[in-house]
Amino acid sequence: HSALATSSTMRSQKPMTPAPKRIVRKETGGRGDTLTIIGADLVTEYDRAVENMISSSLKEKYPHYEFHGEETYDPARPLTDAPTFIVDPIDGTINFVHAFPFACVSLGFAVGRVPTVGVVYNPSTKVLYSAIRGQGAFLNRETRLPLKGSHVEPLAGLKNALIAVEWGSDRSGINWETKIRTFEKLGQSQEHGGAMVRAMRSLGSAALNLCAVADGTLDLYWEGGCWAWDVCAGWVILSEAGGIMADGSPGNWEPRLDGRKYLAIRGSPDGAGQKELVEEFWSHIQGPLQY
Ligand code: LIP
């Protein structure tokens, strides 16, 4: 779809993150988004250049595998069971544009729509997460996840949890209503019927949120509206670190890779408290998520 180039309005440019030269606004098209979300759904020339670099190199080395990337996604070619690279060249583009150092390259690979290989790299912090299904998850190639000591605390309910939620780019309609009513319920005191989680964060990168749940920094992450390229890599890392991925809507323990709503829970000793935390969270969701 056509794109409209505008000049960048960078306010602060910290040395660790290269400053995007211009922002290209997404228009109505491929992903079914609407023009009303233009202000929150950005793509820079860097997103396109990085995806181009990754896809050319992967296609050269693995010509028989499919490639599914955020910037070249074609809704006429949805995800299939074929071995597929699933890539977000810059996950956390808004952070990247604002030089907030929480953005990454998210490289996933799925077979039969099962997330199988995941690599997530944040160039600002130089932190690399990686995992292969059945072979464990690693931090900076050497340290196995979960980090020693990070999962010693059993999960002890939402009121003791640090959780991540995201606004996403679509700020209207039924899904937005469900999200904001759920955010309110999660934060509200228990005497008033809320869950009163310890705290909520919105850090702006699905892949890094999943890695933070994998390494035990976060207890839980919930989002509706993101895409397979946002979650594929992080999902492998999460599962291999002992975490679980459930559906973002109540009742489904086996979410689809392209289902667009996800609930991730960190590992704990013998998995204690994981299912209970999923069910407790589901009980606070205030309406449908329709993707
Ligand atoms: C973004 C995410 C963010 C989420 C947005 C979007 P982008 O990816 O990672 O956490 O809330 O819906 O998907 O657009 O920066 O690659």
# chains A, B, ... in the order shown; residues from 1 in each chain; ligands from 1
>>> residues_around(residues="A:Leu186", least_positions_apart="2", cutoff="9 Å", atoms="only C-alpha atoms", output="PyMOL selection string")
chain A and resi 158+181-184+188-189+194-197+200+281+284-285
>>> residues_near_ligand(ligand="ligand 1", cutoff="10 Å", atoms="only C-alpha atoms and all ligand atoms", output="PyMOL selection string")
chain A and resi 40-43+47+70-71+87-97+102-106+164-170+202-210+222-231+260
>>> write_last_selection(atoms="N, CA and C atoms", output="short mmCIF file (atom, residue, chain, number, x, y, z; two decimals), in the first residue's frame")
data_model
loop_
_atom_site.label_atom_id
_atom_site.label_comp_id
_atom_site.auth_asym_id
_atom_site.auth_seq_id
_atom_site.Cartn_x
_atom_site.Cartn_y
_atom_site.Cartn_z
N ALA A 40 -0.61 6.41 15.97
CA ALA A 40 0.05 5.49 16.90
C ALA A 40 0.66 4.28 16.21
N ASP A 41 0.61 4.22 14.92
CA ASP A 41 1.14 3.05 14.23
C ASP A 41 2.16 3.53 13.21
N LEU A 42 3.41 3.51 13.64
CA LEU A 42 4.46 4.12 12.84
C LEU A 42 5.35 3.08 12.18
N VAL A 43 5.89 3.46 11.05
CA VAL A 43 6.95 2.66 10.48
C VAL A 43 8.01 3.61 9.93
N ASP A 47 12.63 0.35 9.64
CA ASP A 47 11.86 -0.91 9.68
C ASP A 47 11.98 -1.61 8.33
N GLU A 70 6.61 -8.15 9.03
CA GLU A 70 5.63 -7.09 9.31
C GLU A 70 5.50 -6.13 8.13
N GLU A 71 6.63 -5.73 7.58
CA GLU A 71 6.57 -4.64 6.59
C GLU A 71 6.16 -5.10 5.20
N VAL A 87 9.03 -12.49 11.15
CA VAL A 87 10.01 -11.47 11.55
C VAL A 87 9.40 -10.09 11.75
N ASP A 88 9.74 -9.50 12.88
CA ASP A 88 9.46 -8.08 13.06
C ASP A 88 10.81 -7.36 13.06
N PRO A 89 11.10 -6.57 12.03
CA PRO A 89 12.44 -5.96 11.95
C PRO A 89 12.71 -5.00 13.10
N ILE A 90 11.70 -4.23 13.50
CA ILE A 90 11.84 -3.39 14.71
C ILE A 90 10.54 -3.54 15.49
N ASP A 91 10.61 -4.27 16.58
CA ASP A 91 9.43 -4.38 17.45
C ASP A 91 9.61 -3.34 18.55
N GLY A 92 8.63 -2.43 18.60
CA GLY A 92 8.77 -1.29 19.49
C GLY A 92 9.16 -0.06 18.69
N THR A 93 8.54 0.10 17.53
CA THR A 93 8.95 1.21 16.64
C THR A 93 8.73 2.57 17.29
N ILE A 94 7.66 2.71 18.07
CA ILE A 94 7.44 4.02 18.72
C ILE A 94 8.60 4.32 19.69
N ASN A 95 9.02 3.30 20.42
CA ASN A 95 10.17 3.49 21.31
C ASN A 95 11.40 3.89 20.51
N PHE A 96 11.60 3.21 19.40
CA PHE A 96 12.76 3.50 18.54
C PHE A 96 12.73 4.95 18.06
N VAL A 97 11.55 5.40 17.64
CA VAL A 97 11.41 6.78 17.15
C VAL A 97 11.71 7.79 18.26
N PHE A 102 13.94 0.46 24.34
CA PHE A 102 13.20 -0.80 24.52
C PHE A 102 12.60 -1.19 23.18
N ALA A 103 13.48 -1.52 22.25
CA ALA A 103 13.05 -1.95 20.91
C ALA A 103 14.01 -3.06 20.48
N CYS A 104 13.55 -3.90 19.58
CA CYS A 104 14.37 -5.07 19.25
C CYS A 104 14.10 -5.57 17.85
N VAL A 105 14.99 -6.45 17.41
CA VAL A 105 14.74 -7.25 16.21
C VAL A 105 14.16 -8.57 16.71
N SER A 106 13.04 -8.99 16.15
CA SER A 106 12.41 -10.22 16.60
C SER A 106 12.34 -11.21 15.44
N ALA A 164 2.61 -6.67 32.54
CA ALA A 164 2.68 -5.76 31.39
C ALA A 164 1.39 -5.88 30.59
N VAL A 165 0.87 -4.74 30.21
CA VAL A 165 -0.27 -4.68 29.29
C VAL A 165 0.12 -3.64 28.24
N GLU A 166 -0.52 -3.69 27.09
CA GLU A 166 -0.20 -2.69 26.07
C GLU A 166 -1.47 -2.07 25.53
N TRP A 167 -1.39 -0.79 25.20
CA TRP A 167 -2.52 -0.11 24.57
C TRP A 167 -2.73 -0.60 23.15
N GLY A 168 -1.62 -0.88 22.44
CA GLY A 168 -1.71 -1.22 21.02
C GLY A 168 -1.99 0.02 20.19
N SER A 169 -2.10 -0.17 18.90
CA SER A 169 -2.26 0.99 18.02
C SER A 169 -3.71 1.33 17.73
N ASP A 170 -4.62 0.41 17.94
CA ASP A 170 -6.03 0.65 17.61
C ASP A 170 -6.73 1.20 18.86
N SER A 202 3.63 -0.58 30.66
CA SER A 202 3.42 -0.66 29.20
C SER A 202 4.71 -0.24 28.54
N LEU A 203 5.53 -1.19 28.19
CA LEU A 203 6.88 -0.87 27.73
C LEU A 203 7.00 -0.78 26.22
N GLY A 204 5.99 -1.24 25.49
CA GLY A 204 5.93 -0.95 24.06
C GLY A 204 6.60 -1.90 23.10
N SER A 205 6.98 -3.09 23.57
CA SER A 205 7.49 -4.09 22.63
C SER A 205 6.98 -5.45 23.09
N ALA A 206 6.19 -6.08 22.25
CA ALA A 206 5.63 -7.38 22.60
C ALA A 206 6.74 -8.41 22.80
N ALA A 207 7.71 -8.41 21.89
CA ALA A 207 8.78 -9.41 21.97
C ALA A 207 9.58 -9.25 23.26
N LEU A 208 9.91 -8.00 23.61
CA LEU A 208 10.69 -7.79 24.83
C LEU A 208 9.85 -8.04 26.08
N ASN A 209 8.55 -7.77 26.00
CA ASN A 209 7.68 -8.13 27.13
C ASN A 209 7.74 -9.65 27.36
N LEU A 210 7.64 -10.41 26.27
CA LEU A 210 7.67 -11.88 26.41
C LEU A 210 9.00 -12.34 26.99
N TRP A 222 -0.20 -9.34 29.02
CA TRP A 222 -1.46 -9.54 28.28
C TRP A 222 -1.56 -8.52 27.16
N GLU A 223 -1.90 -9.00 25.97
CA GLU A 223 -2.15 -8.05 24.89
C GLU A 223 -3.10 -8.63 23.85
N GLY A 224 -3.96 -7.76 23.35
CA GLY A 224 -4.79 -8.09 22.19
C GLY A 224 -4.42 -7.13 21.08
N GLY A 225 -4.32 -7.64 19.87
CA GLY A 225 -4.10 -6.76 18.73
C GLY A 225 -2.75 -6.91 18.08
N CYS A 226 -1.79 -7.53 18.74
CA CYS A 226 -0.50 -7.67 18.07
C CYS A 226 -0.54 -8.88 17.14
N TRP A 227 0.53 -9.09 16.43
CA TRP A 227 0.56 -10.01 15.31
C TRP A 227 1.59 -11.12 15.53
N ALA A 228 1.52 -12.13 14.66
CA ALA A 228 2.44 -13.28 14.79
C ALA A 228 3.90 -12.83 14.85
N TRP A 229 4.27 -11.79 14.06
CA TRP A 229 5.68 -11.36 14.06
C TRP A 229 6.06 -10.68 15.38
N ASP A 230 5.07 -10.19 16.12
CA ASP A 230 5.37 -9.59 17.42
C ASP A 230 5.68 -10.67 18.46
N VAL A 231 5.08 -11.85 18.31
CA VAL A 231 5.14 -12.83 19.40
C VAL A 231 5.88 -14.13 19.09
N ARG A 260 -3.80 -13.23 17.61
CA ARG A 260 -3.76 -11.81 17.93
C ARG A 260 -4.17 -11.45 19.36
#
>>> atom_distance(atom1="atom CA of A:Leu263", atom2="atom CA of A:Val236")
13.9 Å
>>> residues_around(residues="stretch 245-252 of chain A", least_positions_apart="3", cutoff="8 Å", atoms="only C-alpha atoms", output="PDB file with C-alpha atoms, in the first residue's frame")
ATOM      1  CA  TRP A 222      -1.464  -9.542  28.282  1.00  0.00           C
ATOM      2  CA  GLU A 223      -2.150  -8.048  24.888  1.00  0.00           C
ATOM      3  CA  GLY A 224      -4.788  -8.087  22.190  1.00  0.00           C
ATOM      4  CA  TRP A 235       6.893 -17.292  22.525  1.00  0.00           C
ATOM      5  CA  LEU A 238       9.021 -17.979  27.027  1.00  0.00           C
ATOM      6  CA  SER A 239       8.050 -21.656  26.651  1.00  0.00           C
ATOM      7  CA  PRO A 255      -3.765 -19.921  21.544  1.00  0.00           C
ATOM      8  CA  ARG A 256      -3.130 -19.633  17.827  1.00  0.00           C
ATOM      9  CA  LYS A 261      -4.492 -12.092  21.665  1.00  0.00           C
ATOM     10  CA  TYR A 262      -2.088 -13.534  24.141  1.00  0.00           C
ATOM     11  CA  LEU A 263      -1.551 -14.038  27.868  1.00  0.00           C
ATOM     12  CA  ALA A 264       1.946 -15.011  29.008  1.00  0.00           C
ATOM     13  CA  ILE A 265       2.796 -16.224  32.517  1.00  0.00           C
ATOM     14  CA  VAL A 278      -4.169 -17.424  34.102  1.00  0.00           C
ATOM     15  CA  GLU A 279      -7.648 -18.155  35.449  1.00  0.00           C
ATOM     16  CA  TRP A 282      -9.194 -14.231  32.731  1.00  0.00           C
ATOM     17  CA  SER A 283     -11.800 -13.585  35.441  1.00  0.00           C
ATOM     18  CA  ILE A 285     -11.277  -9.376  31.536  1.00  0.00           C
ATOM     19  CA  PRO A 288     -14.687  -9.549  24.307  1.00  0.00           C
ATOM     20  CA  LEU A 289     -11.520  -9.196  22.258  1.00  0.00           C
TER      21      LEU A 289
END
>>> select_by_dssp(residues="stretch 11-236 of chain A", states="strand (DSSP E)", output="ChimeraX atom specification")
/A:22-25,42-44,66-69,84-91,104-111,114-122,127-132,137-139,143-145,162-165,199-201,220-224
>>> atom_distance(atom1="atom CA of A:Val117", atom2="atom CA of A:Trp253")
20.9 Å
>>> select_by_dssp(residues="stretch 237-271 of chain A", states="alpha helix (DSSP H)", output="number ranges by chain")
A: 237-240
>>> write_last_selection(atoms="N, CA and C atoms", output="PDB file, in the first residue's frame")
ATOM      1  N   ILE A 237      10.986 -18.470  23.367  1.00  0.00           N
ATOM      2  CA  ILE A 237      11.866 -18.150  24.503  1.00  0.00           C
ATOM      3  C   ILE A 237      11.093 -18.329  25.819  1.00  0.00           C
ATOM      4  N   LEU A 238       9.875 -17.830  25.842  1.00  0.00           N
ATOM      5  CA  LEU A 238       9.021 -17.979  27.027  1.00  0.00           C
ATOM      6  C   LEU A 238       8.798 -19.453  27.366  1.00  0.00           C
ATOM      7  N   SER A 239       8.374 -20.242  26.380  1.00  0.00           N
ATOM      8  CA  SER A 239       8.050 -21.656  26.651  1.00  0.00           C
ATOM      9  C   SER A 239       9.282 -22.413  27.118  1.00  0.00           C
ATOM     10  N   GLU A 240      10.413 -22.138  26.481  1.00  0.00           N
ATOM     11  CA  GLU A 240      11.634 -22.862  26.842  1.00  0.00           C
ATOM     12  C   GLU A 240      12.167 -22.441  28.214  1.00  0.00           C
TER      13      GLU A 240
END
>>> atom_distance(atom1="atom CA of A:Gly267", atom2="atom CA of A:Gly108")
20.9 Å
>>> decode(residues="stretch 51-100 of chain A", atoms="N, CA and C atoms", output="short mmCIF file (atom, residue, chain, number, x, y, z; two decimals), in the first residue's frame")
data_model
loop_
_atom_site.label_atom_id
_atom_site.label_comp_id
_atom_site.auth_asym_id
_atom_site.auth_seq_id
_atom_site.Cartn_x
_atom_site.Cartn_y
_atom_site.Cartn_z
N GLU A 51 14.06 -5.10 7.55
CA GLU A 51 13.33 -6.28 7.04
C GLU A 51 13.91 -6.73 5.70
N ASN A 52 14.21 -5.76 4.87
CA ASN A 52 14.77 -6.10 3.56
C ASN A 52 16.09 -6.85 3.71
N MET A 53 16.93 -6.36 4.62
CA MET A 53 18.22 -7.00 4.84
C MET A 53 18.02 -8.44 5.35
N ILE A 54 17.13 -8.59 6.34
CA ILE A 54 16.92 -9.93 6.92
C ILE A 54 16.30 -10.87 5.88
N SER A 55 15.28 -10.40 5.17
CA SER A 55 14.61 -11.32 4.25
C SER A 55 15.52 -11.71 3.10
N SER A 56 16.33 -10.77 2.58
CA SER A 56 17.21 -11.17 1.48
C SER A 56 18.20 -12.21 1.95
N SER A 57 18.75 -12.01 3.14
CA SER A 57 19.75 -12.96 3.61
C SER A 57 19.11 -14.33 3.90
N LEU A 58 17.93 -14.35 4.51
CA LEU A 58 17.28 -15.64 4.80
C LEU A 58 16.84 -16.35 3.51
N LYS A 59 16.32 -15.56 2.57
CA LYS A 59 15.84 -16.19 1.33
C LYS A 59 16.99 -16.79 0.53
N GLU A 60 18.15 -16.16 0.65
CA GLU A 60 19.32 -16.70 -0.05
C GLU A 60 19.76 -18.02 0.57
N LYS A 61 19.75 -18.05 1.90
CA LYS A 61 20.23 -19.26 2.58
C LYS A 61 19.18 -20.36 2.64
N TYR A 62 17.93 -19.99 2.77
CA TYR A 62 16.85 -20.97 2.93
C TYR A 62 15.74 -20.68 1.93
N PRO A 63 16.01 -20.91 0.64
CA PRO A 63 15.05 -20.49 -0.38
C PRO A 63 13.71 -21.22 -0.32
N HIS A 64 13.67 -22.39 0.34
CA HIS A 64 12.41 -23.15 0.34
C HIS A 64 11.49 -22.78 1.49
N TYR A 65 11.96 -21.95 2.40
CA TYR A 65 11.12 -21.58 3.54
C TYR A 65 10.33 -20.30 3.23
N GLU A 66 9.16 -20.24 3.80
CA GLU A 66 8.33 -19.03 3.64
C GLU A 66 8.90 -17.91 4.49
N PHE A 67 8.52 -16.70 4.14
CA PHE A 67 8.92 -15.53 4.93
C PHE A 67 7.68 -14.68 5.19
N HIS A 68 7.50 -14.33 6.48
CA HIS A 68 6.33 -13.57 6.89
C HIS A 68 6.86 -12.39 7.72
N GLY A 69 6.86 -11.20 7.12
CA GLY A 69 7.45 -10.06 7.83
C GLY A 69 6.45 -8.93 7.98
N GLU A 70 6.61 -8.15 9.03
CA GLU A 70 5.63 -7.09 9.31
C GLU A 70 5.50 -6.13 8.13
N GLU A 71 6.63 -5.73 7.58
CA GLU A 71 6.57 -4.64 6.59
C GLU A 71 6.16 -5.10 5.20
N THR A 72 6.21 -6.40 4.96
CA THR A 72 5.85 -6.89 3.61
C THR A 72 4.66 -7.83 3.68
N TYR A 73 3.98 -7.83 4.82
CA TYR A 73 2.85 -8.75 5.01
C TYR A 73 1.78 -8.51 3.95
N ASP A 74 1.33 -9.62 3.37
CA ASP A 74 0.28 -9.56 2.35
C ASP A 74 -0.89 -10.41 2.86
N PRO A 75 -2.03 -9.78 3.17
CA PRO A 75 -3.14 -10.55 3.73
C PRO A 75 -3.65 -11.64 2.79
N ALA A 76 -3.29 -11.54 1.52
CA ALA A 76 -3.70 -12.58 0.58
C ALA A 76 -2.83 -13.84 0.77
N ARG A 77 -1.76 -13.71 1.56
CA ARG A 77 -0.89 -14.87 1.83
C ARG A 77 -0.77 -15.07 3.32
N PRO A 78 -1.86 -15.58 3.97
CA PRO A 78 -1.81 -15.75 5.42
C PRO A 78 -0.85 -16.87 5.83
N LEU A 79 -0.63 -16.95 7.12
CA LEU A 79 0.28 -17.95 7.67
C LEU A 79 -0.21 -19.36 7.31
N THR A 80 0.72 -20.24 6.94
CA THR A 80 0.35 -21.63 6.63
C THR A 80 1.16 -22.56 7.55
N ASP A 81 1.01 -23.88 7.33
CA ASP A 81 1.78 -24.85 8.11
C ASP A 81 3.23 -24.99 7.65
N ALA A 82 3.54 -24.40 6.51
CA ALA A 82 4.90 -24.53 5.97
C ALA A 82 5.93 -23.91 6.92
N PRO A 83 7.16 -24.42 6.91
CA PRO A 83 8.21 -23.77 7.71
C PRO A 83 8.33 -22.30 7.29
N THR A 84 8.20 -21.41 8.26
CA THR A 84 8.09 -19.98 7.93
C THR A 84 8.90 -19.12 8.90
N PHE A 85 9.72 -18.27 8.35
CA PHE A 85 10.37 -17.24 9.17
C PHE A 85 9.32 -16.16 9.45
N ILE A 86 9.23 -15.77 10.72
CA ILE A 86 8.21 -14.78 11.10
C ILE A 86 8.96 -13.64 11.82
N VAL A 87 9.03 -12.49 11.15
CA VAL A 87 10.01 -11.47 11.55
C VAL A 87 9.40 -10.09 11.75
N ASP A 88 9.74 -9.50 12.88
CA ASP A 88 9.46 -8.08 13.06
C ASP A 88 10.81 -7.36 13.06
N PRO A 89 11.10 -6.57 12.03
CA PRO A 89 12.44 -5.96 11.95
C PRO A 89 12.71 -5.00 13.10
N ILE A 90 11.70 -4.23 13.50
CA ILE A 90 11.84 -3.39 14.71
C ILE A 90 10.54 -3.54 15.49
N ASP A 91 10.61 -4.27 16.58
CA ASP A 91 9.43 -4.38 17.45
C ASP A 91 9.61 -3.34 18.55
N GLY A 92 8.63 -2.43 18.60
CA GLY A 92 8.77 -1.29 19.49
C GLY A 92 9.16 -0.06 18.69
N THR A 93 8.54 0.10 17.53
CA THR A 93 8.95 1.21 16.64
C THR A 93 8.73 2.57 17.29
N ILE A 94 7.66 2.71 18.07
CA ILE A 94 7.44 4.02 18.72
C ILE A 94 8.60 4.32 19.69
N ASN A 95 9.02 3.30 20.42
CA ASN A 95 10.17 3.49 21.31
C ASN A 95 11.40 3.89 20.51
N PHE A 96 11.60 3.21 19.40
CA PHE A 96 12.76 3.50 18.54
C PHE A 96 12.73 4.95 18.06
N VAL A 97 11.55 5.40 17.64
CA VAL A 97 11.41 6.78 17.15
C VAL A 97 11.71 7.79 18.26
N HIS A 98 11.31 7.44 19.49
CA HIS A 98 11.52 8.36 20.62
C HIS A 98 12.82 8.10 21.37
N ALA A 99 13.65 7.21 20.84
CA ALA A 99 14.92 6.85 21.50
C ALA A 99 14.73 6.32 22.91
N PHE A 100 13.61 5.65 23.14
CA PHE A 100 13.36 4.95 24.41
C PHE A 100 13.95 3.54 24.22
#
